[in-house]
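Worksheet: one structure, shown below.
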Amino acid sequence: MGGVAVERHGDVGLLRSLVVASTRRNDGIGSVLVDALRAPRAQRGTHLARTADGNCREFFLRIGYAVAPRSEAPKAVQQSSEFAFVCPASATYMVKALR
């Protein structure tokens, strides 16, 4: 039905991929997948970060992510391929505390 992948950068998890089968969208599966990432990381005090645009951005806002300046992303996140090359500079940087 779906899948999620996180890339660790110190105490921040960069949510790289979140996919849900087109026939199951709007069933809450995306939220469940992201929430599943919280339990093990919350114990270590980490945050989840994400770059997003379009409809994806609205989804992450609905599930508790906040927009943050790209310049405030940890250096390791800024140097990741996702942040530096894959997502355009116009993509919104978002974060969610796990505690």
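Chain labels follow the order of the structure tokens: the first chain is A, the next B, and so on; residue numbering restarts at 1 in every chain, and ligands are counted from 1 in their shown order.
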
Practice task
Enumerate the residues of segment 12-50 of chain A with a DSSP assignment of helix (DSSP H, G or I), computed from the backbone, and present them as a ChimeraX atom specification.
Solution key: /A:22-24,29-36,38-42

Practice task
Within chain A, find each residue whose DSSP state, derived from the backbone, is strand (DSSP E or B), and express the selection as a VMD selection string.
Solution key: chain A and resid 2 to 9 12 to 20 47 to 52 66 to 68 92 to 97

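Shortest atom-to-atom contact with Ala89 of chain A among A:Leu14, A:Ala52, A:Ala76, A:Val19: A:Ala52, counting only C-alpha atoms.
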
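Minimum atom-to-atom distances from A:Cys56, A:Val20, A:Val34, A:Met1 to Leu98 of chain A were compared using only C-alpha atoms, and the lowest value belongs to A:Val34.
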
Problem - Contact residues around Val6 of chain A with only C-alpha atoms at 8 Å, ignoring same-chain residues under 2 positions, as a PyMOL selection string - result: chain A and resi 4+8+13-17

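Distance check against Thr23 of chain A using only C-alpha atoms: of A:Gly2, A:Gly54, A:Pro74, A:Gly10, the minimum falls on A:Gly2.
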
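When only C-alpha atoms are used to measure the gap to Val67 of chain A, the shortest distance among A:Leu18, A:Val95, A:Ser80, A:Gly30 belongs to A:Val95.
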
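Near Met94 of chain A, within 10 Å and counting only C-alpha atoms, sit Leu14, Leu48, Ala49, Arg50, Thr51, Ala52, Arg57, Phe60, Leu61, Gly64, Tyr65, Ala66, Val67, Ala68, Pro69, Arg70 and Ala73 of chain A; same-chain residues fewer than 4 positions away were not included.
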
Write the residues you've just listed into a file as a PDB file, in the first residue's frame, and include N, CA, C and O atoms for each of them.
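Written file, selection_21.pdb:
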ATOM      1  N   LEU A  14      16.135  12.784   7.539  1.00  0.00           N
ATOM      2  CA  LEU A  14      15.632  13.454   6.338  1.00  0.00           C
ATOM      3  C   LEU A  14      14.697  12.484   5.632  1.00  0.00           C
ATOM      4  O   LEU A  14      15.117  11.444   5.132  1.00  0.00           O
ATOM      5  N   LEU A  48      12.438  15.173  12.271  1.00  0.00           N
ATOM      6  CA  LEU A  48      12.316  14.775  10.875  1.00  0.00           C
ATOM      7  C   LEU A  48      12.331  16.038  10.037  1.00  0.00           C
ATOM      8  O   LEU A  48      11.725  17.043  10.402  1.00  0.00           O
ATOM      9  N   ALA A  49      13.021  15.997   8.933  1.00  0.00           N
ATOM     10  CA  ALA A  49      13.084  17.127   8.018  1.00  0.00           C
ATOM     11  C   ALA A  49      12.629  16.647   6.647  1.00  0.00           C
ATOM     12  O   ALA A  49      12.709  15.472   6.313  1.00  0.00           O
ATOM     13  N   ARG A  50      12.174  17.578   5.836  1.00  0.00           N
ATOM     14  CA  ARG A  50      11.666  17.234   4.516  1.00  0.00           C
ATOM     15  C   ARG A  50      11.705  18.465   3.631  1.00  0.00           C
ATOM     16  O   ARG A  50      11.477  19.570   4.094  1.00  0.00           O
ATOM     17  N   THR A  51      12.006  18.259   2.356  1.00  0.00           N
ATOM     18  CA  THR A  51      11.786  19.317   1.379  1.00  0.00           C
ATOM     19  C   THR A  51      10.526  18.937   0.620  1.00  0.00           C
ATOM     20  O   THR A  51      10.308  17.765   0.323  1.00  0.00           O
ATOM     21  N   ALA A  52       9.680  19.897   0.364  1.00  0.00           N
ATOM     22  CA  ALA A  52       8.392  19.580  -0.248  1.00  0.00           C
ATOM     23  C   ALA A  52       7.916  20.735  -1.111  1.00  0.00           C
ATOM     24  O   ALA A  52       8.289  21.877  -0.910  1.00  0.00           O
ATOM     25  N   ARG A  57       3.548  19.458  -0.055  1.00  0.00           N
ATOM     26  CA  ARG A  57       3.752  20.467   0.989  1.00  0.00           C
ATOM     27  C   ARG A  57       2.524  20.570   1.881  1.00  0.00           C
ATOM     28  O   ARG A  57       2.627  20.603   3.105  1.00  0.00           O
ATOM     29  N   PHE A  60       2.244  17.597   4.329  1.00  0.00           N
ATOM     30  CA  PHE A  60       3.145  17.680   5.471  1.00  0.00           C
ATOM     31  C   PHE A  60       2.710  18.754   6.463  1.00  0.00           C
ATOM     32  O   PHE A  60       2.862  18.577   7.674  1.00  0.00           O
ATOM     33  N   LEU A  61       2.142  19.848   5.998  1.00  0.00           N
ATOM     34  CA  LEU A  61       1.603  20.856   6.913  1.00  0.00           C
ATOM     35  C   LEU A  61       0.459  20.269   7.736  1.00  0.00           C
ATOM     36  O   LEU A  61       0.373  20.505   8.943  1.00  0.00           O
ATOM     37  N   GLY A  64       1.565  18.134  10.773  1.00  0.00           N
ATOM     38  CA  GLY A  64       2.337  18.743  11.843  1.00  0.00           C
ATOM     39  C   GLY A  64       3.716  19.264  11.505  1.00  0.00           C
ATOM     40  O   GLY A  64       4.435  19.708  12.405  1.00  0.00           O
ATOM     41  N   TYR A  65       4.116  19.229  10.263  1.00  0.00           N
ATOM     42  CA  TYR A  65       5.403  19.816   9.886  1.00  0.00           C
ATOM     43  C   TYR A  65       5.258  21.329   9.854  1.00  0.00           C
ATOM     44  O   TYR A  65       4.184  21.863   9.594  1.00  0.00           O
ATOM     45  N   ALA A  66       6.355  22.027  10.100  1.00  0.00           N
ATOM     46  CA  ALA A  66       6.388  23.484  10.044  1.00  0.00           C
ATOM     47  C   ALA A  66       7.415  23.912   9.009  1.00  0.00           C
ATOM     48  O   ALA A  66       8.455  23.271   8.843  1.00  0.00           O
ATOM     49  N   VAL A  67       7.121  24.987   8.340  1.00  0.00           N
ATOM     50  CA  VAL A  67       8.051  25.550   7.362  1.00  0.00           C
ATOM     51  C   VAL A  67       9.195  26.211   8.121  1.00  0.00           C
ATOM     52  O   VAL A  67       8.970  26.893   9.131  1.00  0.00           O
ATOM     53  N   ALA A  68      10.408  25.996   7.636  1.00  0.00           N
ATOM     54  CA  ALA A  68      11.593  26.602   8.249  1.00  0.00           C
ATOM     55  C   ALA A  68      12.497  27.123   7.133  1.00  0.00           C
ATOM     56  O   ALA A  68      12.471  26.600   6.021  1.00  0.00           O
ATOM     57  N   PRO A  69      13.299  28.138   7.409  1.00  0.00           N
ATOM     58  CA  PRO A  69      14.235  28.634   6.394  1.00  0.00           C
ATOM     59  C   PRO A  69      15.241  27.546   6.020  1.00  0.00           C
ATOM     60  O   PRO A  69      15.758  26.841   6.898  1.00  0.00           O
ATOM     61  N   ARG A  70      15.507  27.405   4.737  1.00  0.00           N
ATOM     62  CA  ARG A  70      16.478  26.413   4.271  1.00  0.00           C
ATOM     63  C   ARG A  70      17.841  26.645   4.914  1.00  0.00           C
ATOM     64  O   ARG A  70      18.573  25.703   5.184  1.00  0.00           O
ATOM     65  N   ALA A  73      18.616  24.594   8.064  1.00  0.00           N
ATOM     66  CA  ALA A  73      18.787  23.138   8.023  1.00  0.00           C
ATOM     67  C   ALA A  73      20.194  22.791   8.505  1.00  0.00           C
ATOM     68  O   ALA A  73      21.148  23.523   8.218  1.00  0.00           O
TER      69      ALA A  73
END

Exercise for the section: Please provide as an NGL selection string all residues within 12 Å of Asn55 of chain A, with the sequence filter that same-chain residues fewer than 6 positions apart are discarded (counting only C-alpha atoms). Expected result: :A and (61-62 or 91-92)

Problem - Given only C-alpha atoms as the counted atoms, nearest of A:Ser81, A:Ile63, A:Thr46, A:Glu72 to Gly28 of chain A - result: A:Ile63
